[in-house]
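Trainee: You'll find structure_28.txt just under this line, and it carries compact mmCIF, C-alpha atoms and all ligand atoms.
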# COMPACT_ATOMS: atom_id res chain seq x y z
CA MET Y 1 -15.61 -1.00 21.11
CA LEU Y 2 -12.03 0.22 21.03
CA GLU Y 3 -9.76 -1.26 23.68
CA CYS Y 4 -8.56 1.23 26.30
CA ALA Y 5 -4.95 1.20 25.02
CA GLN Y 6 -6.21 1.74 21.50
CA VAL Y 7 -8.31 4.74 22.56
CA LYS Y 8 -5.26 6.26 24.25
CA ARG Y 9 -3.05 5.54 21.23
CA LYS Y 10 -5.60 7.15 18.93
CA ALA Y 11 -5.87 10.22 21.14
CA ASN Y 12 -2.08 10.54 21.11
CA PHE Y 13 -1.93 10.29 17.34
CA ASN Y 14 -4.64 12.92 16.92
CA MET Y 15 -3.01 15.29 19.42
CA SER Y 16 0.01 15.95 17.22
CA LYS Y 17 -1.97 15.98 13.97
CA LYS Y 18 -0.59 18.50 11.49
CA LEU Y 19 -1.71 18.64 7.85
CA ILE Y 20 1.24 17.83 5.58
CA TYR Y 21 -0.49 17.15 2.28
CA SER Y 22 -3.94 17.77 0.84
CA GLY Y 23 -4.81 15.58 -2.13
CA LYS Y 24 -7.94 15.27 -4.23
CA ALA Y 25 -9.34 12.32 -2.26
CA LYS Y 26 -7.31 12.32 0.96
CA ASP Y 27 -5.58 14.60 3.43
CA ILE Y 28 -2.37 13.42 5.11
CA TYR Y 29 -1.47 14.35 8.70
CA THR Y 30 1.60 13.86 10.87
CA THR Y 31 1.46 11.88 14.11
CA GLU Y 32 3.66 11.92 17.19
CA ASP Y 33 5.60 9.06 15.55
CA GLU Y 34 7.69 10.40 12.66
CA ASN Y 35 7.35 7.09 10.82
CA LEU Y 36 3.54 7.09 10.86
CA ILE Y 37 0.95 9.32 9.20
CA ILE Y 38 -2.85 9.54 9.27
CA SER Y 39 -4.70 9.43 5.94
CA THR Y 40 -8.15 11.04 6.06
CA TYR Y 41 -10.54 10.06 3.29
CA LYS Y 42 -12.56 12.97 1.93
CA ASP Y 43 -16.10 13.17 0.54
CA GLN Y 44 -14.72 14.50 -2.72
CA ALA Y 45 -14.88 12.92 -6.16
CA THR Y 46 -12.76 14.25 -9.03
CA ALA Y 47 -12.14 13.16 -12.59
CA PHE Y 48 -10.07 14.36 -15.54
CA ASN Y 49 -7.35 15.72 -13.25
CA GLY Y 50 -9.80 17.60 -11.07
CA VAL Y 51 -11.74 19.25 -13.95
CA LYS Y 52 -14.90 17.47 -12.75
CA LYS Y 53 -15.30 17.81 -8.99
CA GLU Y 54 -18.15 17.07 -6.58
CA GLN Y 55 -18.70 16.62 -2.86
CA ILE Y 56 -20.42 13.28 -2.30
CA ALA Y 57 -21.59 12.58 1.25
CA GLY Y 58 -20.47 9.17 2.51
CA LYS Y 59 -17.76 8.59 -0.11
CA GLY Y 60 -14.89 9.04 2.37
CA VAL Y 61 -16.33 6.50 4.82
CA LEU Y 62 -16.94 3.94 2.06
CA ASN Y 63 -13.50 4.28 0.51
CA ASN Y 64 -11.78 4.07 3.89
CA GLN Y 65 -13.77 0.89 4.65
CA ILE Y 66 -13.02 -0.70 1.29
CA SER Y 67 -9.37 0.31 1.16
CA SER Y 68 -8.68 -0.75 4.77
CA PHE Y 69 -10.32 -4.12 4.09
CA ILE Y 70 -8.28 -4.74 0.91
CA PHE Y 71 -5.00 -3.60 2.47
CA GLU Y 72 -5.57 -5.82 5.51
CA LYS Y 73 -6.03 -8.76 3.17
CA LEU Y 74 -2.93 -7.80 1.18
CA ASN Y 75 -0.88 -7.55 4.39
CA ALA Y 76 -2.16 -10.97 5.45
CA ALA Y 77 -1.19 -12.38 2.05
CA GLY Y 78 2.39 -11.19 2.60
CA VAL Y 79 2.37 -8.05 0.46
CA ALA Y 80 4.46 -5.26 2.02
CA THR Y 81 2.13 -2.25 2.38
CA HIS Y 82 1.93 1.03 4.29
CA PHE Y 83 -1.31 0.00 6.02
CA VAL Y 84 -1.19 -0.21 9.81
CA GLU Y 85 -4.82 0.08 10.97
CA LYS Y 86 -8.15 1.79 10.41
CA ILE Y 87 -8.57 4.25 13.30
CA SER Y 88 -11.95 5.85 12.55
CA ASP Y 89 -14.69 5.98 9.91
CA THR Y 90 -12.62 8.20 7.65
CA GLU Y 91 -9.08 7.74 8.98
CA GLN Y 92 -6.36 5.15 8.79
CA LEU Y 93 -2.88 4.93 10.23
CA ASN Y 94 -0.20 4.37 7.60
CA LYS Y 95 3.57 4.01 7.51
CA LYS Y 96 5.14 7.19 6.20
CA VAL Y 97 6.67 6.70 2.77
CA GLU Y 98 8.35 8.79 0.15
CA ILE Y 99 5.94 8.29 -2.73
CA ILE Y 100 7.47 7.16 -6.03
CA PRO Y 101 5.92 9.59 -8.56
CA LEU Y 102 4.50 6.83 -10.76
CA GLU Y 103 0.94 5.66 -11.25
CA VAL Y 104 1.35 1.96 -11.91
CA VAL Y 105 -1.62 0.80 -13.98
CA LEU Y 106 -2.39 -2.85 -14.61
CA ARG Y 107 -4.95 -3.84 -17.24
CA ASN Y 108 -6.63 -7.26 -17.40
CA TYR Y 109 -9.12 -6.05 -20.05
CA THR Y 110 -9.20 -3.16 -22.51
CA ALA Y 111 -11.00 -0.07 -21.16
CA GLY Y 112 -10.68 3.65 -20.50
CA SER Y 113 -7.66 5.47 -21.88
CA PHE Y 114 -6.31 2.26 -23.48
CA SER Y 115 -9.45 1.84 -25.57
CA LYS Y 116 -9.45 5.53 -26.45
CA ARG Y 117 -5.75 5.67 -27.39
CA PHE Y 118 -5.78 2.55 -29.56
CA GLY Y 119 -9.36 2.73 -30.82
CA VAL Y 120 -10.42 -0.65 -29.46
CA GLU Y 121 -13.68 -1.57 -27.77
CA GLU Y 122 -13.77 -2.04 -24.01
CA GLY Y 123 -13.82 -5.46 -22.35
CA ILE Y 124 -11.35 -7.48 -24.45
CA ALA Y 125 -9.20 -9.70 -22.20
CA PHE Y 126 -5.41 -9.47 -22.47
CA GLU Y 127 -3.69 -12.83 -22.62
CA THR Y 128 -1.00 -11.36 -20.37
CA PRO Y 129 -2.08 -8.37 -18.26
CA ILE Y 130 -0.46 -5.11 -19.35
CA VAL Y 131 1.45 -2.93 -16.89
CA GLU Y 132 1.86 0.77 -17.70
CA PHE Y 133 3.50 3.70 -15.92
CA TYR Y 134 2.18 7.25 -15.77
CA TYR Y 135 4.29 10.10 -14.40
CA LYS Y 136 2.48 11.41 -11.30
CA ASN Y 137 2.54 15.12 -12.04
CA ASP Y 138 -0.72 17.10 -12.03
CA ASP Y 139 0.83 20.09 -13.84
CA LEU Y 140 1.76 17.80 -16.74
CA ASP Y 141 -1.56 15.88 -16.57
CA ASP Y 142 0.06 12.58 -15.47
CA PRO Y 143 1.61 11.65 -18.86
CA PHE Y 144 2.26 8.11 -20.06
CA ILE Y 145 5.94 7.29 -19.37
CA ASN Y 146 8.17 4.34 -20.38
CA ASP Y 147 11.03 2.59 -18.56
CA GLU Y 148 13.72 4.68 -20.28
CA HIS Y 149 11.96 7.89 -19.25
CA VAL Y 150 11.65 6.62 -15.68
CA LYS Y 151 15.40 6.00 -15.59
CA PHE Y 152 16.25 9.35 -17.23
CA LEU Y 153 14.15 11.19 -14.64
CA LYS Y 154 15.89 9.14 -11.90
CA ILE Y 155 12.52 8.01 -10.54
CA ALA Y 156 13.61 4.35 -10.36
CA ASP Y 157 16.43 2.13 -11.62
CA ASP Y 158 16.16 -1.11 -13.62
CA GLN Y 159 15.87 -3.30 -10.54
CA GLN Y 160 13.22 -1.10 -8.95
CA ILE Y 161 11.25 -0.91 -12.21
CA ALA Y 162 11.31 -4.72 -12.45
CA TYR Y 163 10.18 -5.00 -8.81
CA LEU Y 164 7.28 -2.56 -9.32
CA LYS Y 165 6.04 -4.55 -12.32
CA GLU Y 166 6.42 -7.98 -10.66
CA GLU Y 167 4.81 -6.84 -7.43
CA THR Y 168 1.90 -5.28 -9.34
CA ARG Y 169 1.33 -8.55 -11.23
CA ARG Y 170 1.44 -10.49 -7.94
CA ILE Y 171 -1.07 -8.10 -6.33
CA ASN Y 172 -3.27 -8.45 -9.42
CA LYS Y 173 -3.47 -12.22 -9.01
CA LEU Y 174 -4.70 -11.80 -5.42
CA LEU Y 175 -7.16 -9.00 -6.20
CA LYS Y 176 -8.55 -10.66 -9.32
CA ALA Y 177 -9.30 -13.83 -7.36
CA TRP Y 178 -10.97 -11.94 -4.47
CA PHE Y 179 -13.19 -9.89 -6.78
CA ALA Y 180 -14.04 -12.97 -8.89
CA GLU Y 181 -15.21 -14.65 -5.68
CA ILE Y 182 -17.82 -11.89 -5.21
CA GLY Y 183 -18.89 -11.81 -8.87
CA LEU Y 184 -16.89 -8.76 -9.98
CA LYS Y 185 -14.47 -8.61 -12.88
CA LEU Y 186 -11.31 -6.61 -12.15
CA ILE Y 187 -10.84 -4.74 -15.43
CA ASP Y 188 -7.89 -2.53 -14.45
CA PHE Y 189 -6.45 -0.58 -11.53
CA LYS Y 190 -3.85 1.95 -10.47
CA LEU Y 191 -1.34 1.48 -7.66
CA GLU Y 192 1.20 3.76 -6.02
CA PHE Y 193 4.32 2.65 -4.20
CA GLY Y 194 6.75 4.42 -1.88
CA PHE Y 195 10.04 4.00 -0.06
CA ASP Y 196 9.64 3.28 3.66
CA LYS Y 197 12.07 4.47 6.35
CA ASP Y 198 14.50 1.65 5.44
CA GLY Y 199 14.40 2.43 1.72
CA LYS Y 200 12.23 -0.61 0.99
CA ILE Y 201 9.54 -0.27 -1.71
CA ILE Y 202 6.08 -0.88 -0.24
CA LEU Y 203 2.54 -0.50 -1.57
CA ALA Y 204 1.00 2.84 -0.54
CA ASP Y 205 -2.02 5.07 -1.35
CA GLU Y 206 -5.39 3.28 -1.51
CA PHE Y 207 -7.32 0.54 -3.24
CA SER Y 208 -10.96 1.45 -3.80
CA PRO Y 209 -13.43 1.79 -6.68
CA ASP Y 210 -11.84 5.24 -7.17
CA ASN Y 211 -8.71 3.68 -8.65
CA CYS Y 212 -9.91 0.50 -10.28
CA ARG Y 213 -12.56 -0.65 -12.72
CA LEU Y 214 -14.98 -3.37 -11.61
CA TRP Y 215 -17.72 -4.80 -13.81
CA ASP Y 216 -20.51 -7.01 -12.54
CA ALA Y 217 -21.83 -10.08 -14.42
CA ASP Y 218 -24.12 -7.85 -16.51
CA GLY Y 219 -21.27 -5.48 -17.44
CA ASN Y 220 -22.46 -2.72 -15.09
CA HIS Y 221 -19.77 -0.29 -13.94
CA MET Y 222 -19.19 -0.67 -10.19
CA ASP Y 223 -16.49 2.00 -9.88
CA LYS Y 224 -15.66 5.68 -10.44
CA ASP Y 225 -16.66 5.43 -14.11
CA VAL Y 226 -20.20 5.92 -12.72
CA PHE Y 227 -19.07 9.44 -11.76
CA ARG Y 228 -16.68 10.03 -14.70
CA ARG Y 229 -19.35 9.07 -17.23
CA GLY Y 230 -22.41 10.31 -15.30
CA LEU Y 231 -24.01 6.85 -15.10
CA GLY Y 232 -25.62 7.09 -11.66
CA GLU Y 233 -25.02 7.58 -7.94
CA LEU Y 234 -21.41 6.82 -6.99
CA THR Y 235 -22.15 5.90 -3.37
CA ASP Y 236 -24.91 3.46 -4.41
CA VAL Y 237 -22.44 1.32 -6.36
CA TYR Y 238 -19.58 1.70 -3.83
CA GLU Y 239 -22.04 0.50 -1.15
CA ILE Y 240 -22.75 -2.63 -3.22
CA VAL Y 241 -19.01 -3.29 -3.65
CA TRP Y 242 -18.52 -2.92 0.12
CA GLU Y 243 -21.44 -5.27 0.90
CA LYS Y 244 -20.10 -7.88 -1.51
CA LEU Y 245 -16.56 -7.60 -0.09
CA GLN Y 246 -17.83 -8.33 3.40
CA GLY Y 247 -19.02 -11.67 2.05
CA LEU Y 248 -15.32 -12.55 1.61
CA LYS Y 249 -14.61 -12.51 5.36
P1 LIG Y 301 -7.28 4.87 -17.57
O1 LIG Y 301 -7.92 3.83 -18.43
O2 LIG Y 301 -8.04 6.15 -17.52
O3 LIG Y 301 -5.83 5.08 -17.93
O4 LIG Y 301 -7.30 4.32 -16.07
C1 LIG Y 301 -6.70 3.08 -15.74
C2 LIG Y 301 -7.00 2.75 -14.29
O5 LIG Y 301 -6.34 3.68 -13.44
C3 LIG Y 301 -8.46 2.83 -13.91
O6 LIG Y 301 -8.75 1.74 -13.04
C4 LIG Y 301 -8.63 4.12 -13.18
C5 LIG Y 301 -7.27 4.36 -12.58
N1 LIG Y 301 -6.89 5.76 -12.54
C6 LIG Y 301 -6.59 6.35 -11.32
O7 LIG Y 301 -6.67 5.72 -10.28
N2 LIG Y 301 -6.21 7.65 -11.32
C7 LIG Y 301 -6.10 8.39 -12.45
O8 LIG Y 301 -5.74 9.57 -12.37
C8 LIG Y 301 -6.42 7.77 -13.70
C9 LIG Y 301 -6.33 8.55 -14.98
C10 LIG Y 301 -6.80 6.45 -13.68
N1 LIG Y 302 -7.67 10.78 -10.43
C1 LIG Y 302 -7.91 11.77 -11.45
C2 LIG Y 302 -8.68 12.94 -10.87
O1 LIG Y 302 -8.91 12.95 -9.71
C3 LIG Y 302 -8.55 11.22 -12.68
C4 LIG Y 302 -9.46 10.04 -12.64
O2 LIG Y 302 -9.48 9.26 -11.69
O3 LIG Y 302 -10.20 9.87 -13.62
O4 LIG Y 302 -9.05 13.90 -11.51
As C-alpha cells, please, write out the structure in this file.
Ligand code: TMP
Ligand code: ASP

Mentor:
Amino acid sequence: MLECAQVKRKANFNMSKKLIYSGKAKDIYTTEDENLIISTYKDQATAFNGVKKEQIAGKGVLNNQISSFIFEKLNAAGVATHFVEKISDTEQLNKKVEIIPLEVVLRNYTAGSFSKRFGVEEGIAFETPIVEFYYKNDDLDDPFINDEHVKFLKIADDQQIAYLKEETRRINKLLKAWFAEIGLKLIDFKLEFGFDKDGKIILADEFSPDNCRLWDADGNHMDKDVFRRGLGELTDVYEIVWEKLQGLK
C-alpha cells in the first residue's frame, strides 16, 4: 500500500506529465519538478537498431522491476545514479540528466559484436575487463568510437573519459558479485551516463537483461539474446532473472 503522502506526490507528478522523449524501450515524461522525469517502460523489444521489433506483453513491467531493484542496490552501494523511486508497475521517477551520447560497454567475457569483429568464440574470460565506447547515434548505427574521437566531438574531456571508465569498472565489480550470488555470469553490459543539474556525471538509463548478457551455469542465455537470436520467449527468461534477483534481498 502506498502511503498517503506518496499517493499525493504520485498524483502531482502524473498531473503535469508531458512526453519529452520516446525511445525504443522507454518513454520519458516531464513532472512538476523540472529536475525530475518519469521513465515509462514499454512492452517493446527491438534489436539491430530497431530492424527487429516486437510488442511483448509484460516486458515493461519486468524491466522496470529489475532495473529499479538494481539501481536501488547501486544507490545503496554509493554509486551516484538518476534513480529516485519506482512509482508504478511500469514507471519510475528519475533525476533529469543531459545524457552523454556514449554507450559505455564493459566486457568480462568475449561475446556478441566483439566475437564477430575479431573472429573469436564466445565465453572466453578477459583477464582485465574491456571497456568500449559507442557513439549513441541511431542515424549512424551507434558506431564504435575511441577516446580521441570522443574528445574531437567534444562529448567528454580526458578527466570525464577516465571517470566514465573507472566508474563502469566499479559498477561491474558490484554487479558481477550480485549476479554470481544468484548463479548468473555477467558476460557484458552497456551503461549510459548523464550530467545532473549540478554538472555531475551520474549513472542513468536502465540496467536490465535488455542491456546486458547473463549466462546461467549451463550456458543458457538469460537476456535479450533470446530475442535477438530467436532462442525462445523473452519474458520467460526475464521472469527467471527477476525471481533469482529477489533471492538477493
Ligand atoms: P555487443 O556485443 O552487441 O556490442 O553488445 C554489448 C553489450 O551491450 C550487450 O550486453 C548488449 C548491450 N547493448 C545494448 O544495450 N544496446 C545496444 O544497442 C547494443 C548494440 C548492445
Ligand atoms: N538496442 C538496439 C536496438 O534496440 C540493439 C540491441 O540491443 O541489440 O535495436

Trainee: With all atoms listed in the file as the atoms that count, which of Y:Ala180, Y:Ile70, Y:Val84, Y:Val51 lies nearest to ligand LIG 301 (chain Y)?

Mentor: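 Smallest separation from ligand LIG 301 (chain Y) among the options: Y:Val51.
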
Trainee: If you measure from CA of Ala177 (chain Y) to CA of Ile38 (chain Y), what distance in Å do you get, rounded to one decimal?

Mentor: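 Distance reported for this atom pair: 29.4 Å.
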
Trainee: May I ask you to write as a PyMOL selection string all residues lying at most 12 Å from ligand LIG 302 (chain Y), with only C-alpha atoms and all ligand atoms counted?

Mentor: chain Y and resi 23-26+44-54+103+105+112-113+134+136-139+141-143+189-191+206+208-213+223-229

Trainee: From the set Y:Asp33, Y:Glu239, Y:Glu122, Y:Glu167, which residue has the shortest atom-to-atom contact distance to Ile187 (chain Y), counting only C-alpha atoms?

Mentor: Y:Glu122

Trainee: Quick one: of Y:Gly123, Y:Gly219, Y:Gly230, Y:Gly183, who's nearest to ligand LIG 301 (chain Y), counting only C-alpha atoms and all ligand atoms?

Mentor: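 Closest to ligand LIG 301 (chain Y) of all the choices is Y:Gly123.
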
Trainee: Excluding same-chain residues fewer than 6 positions from Gln92 (chain Y), what lies within 7 Å of it counting only C-alpha atoms, as a ChimeraX atom specification?

Mentor: /Y:38-40,85-86

Trainee: Could you write out the selected residues, including C-alpha atoms, as a CSV table (one decimal), keeping the file's coordinate frame?

Mentor:
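Written out: again10.csv:
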chain,number,residue,atom,x,y,z
Y,38,ILE,CA,-2.8,9.5,9.3
Y,39,SER,CA,-4.7,9.4,5.9
Y,40,THR,CA,-8.2,11.0,6.1
Y,85,GLU,CA,-4.8,0.1,11.0
Y,86,LYS,CA,-8.2,1.8,10.4

Trainee: Using only C-alpha atoms, which of the listed residues (Y:Lys200, Y:Lys154, Y:His221, Y:His149) sits closest to Tyr238 (chain Y)?

Mentor: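 Checking each of Y:Lys200, Y:Lys154, Y:His221, Y:His149 against Tyr238 (chain Y), counting only C-alpha atoms, the winner is Y:His221.
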
Trainee: Give me, please, the distance in Å between CA of Ala80 (chain Y) and CA of Gln65 (chain Y), quoted to one decimal.

Mentor: 19.4 Å

Trainee: Might you pull out every residue within 12 Å of Val97 (chain Y), with only C-alpha atoms counted and same-chain residues fewer than 5 positions away left off, and present them as a PyMOL selection string?

Mentor: chain Y and resi 28+30+34-38+81-83+192-205

Trainee: List every protein, DNA or RNA residue with an atom no more than 7 Å from (-12.9, -8.6, -9.3) in the file's coordinates, counting all atoms listed in the file, and format the result as a PDB file with C-alpha atoms, keeping the file's coordinate frame.

Mentor:
ATOM      1  CA  LEU Y 175      -7.160  -9.000  -6.200  1.00  0.00           C
ATOM      2  CA  LYS Y 176      -8.550 -10.660  -9.320  1.00  0.00           C
ATOM      3  CA  ALA Y 177      -9.300 -13.830  -7.360  1.00  0.00           C
ATOM      4  CA  TRP Y 178     -10.970 -11.940  -4.470  1.00  0.00           C
ATOM      5  CA  PHE Y 179     -13.190  -9.890  -6.780  1.00  0.00           C
ATOM      6  CA  ALA Y 180     -14.040 -12.970  -8.890  1.00  0.00           C
ATOM      7  CA  GLY Y 183     -18.890 -11.810  -8.870  1.00  0.00           C
ATOM      8  CA  LEU Y 184     -16.890  -8.760  -9.980  1.00  0.00           C
ATOM      9  CA  LYS Y 185     -14.470  -8.610 -12.880  1.00  0.00           C
ATOM     10  CA  LEU Y 186     -11.310  -6.610 -12.150  1.00  0.00           C
ATOM     11  CA  LEU Y 214     -14.980  -3.370 -11.610  1.00  0.00           C
TER      12      LEU Y 214
END
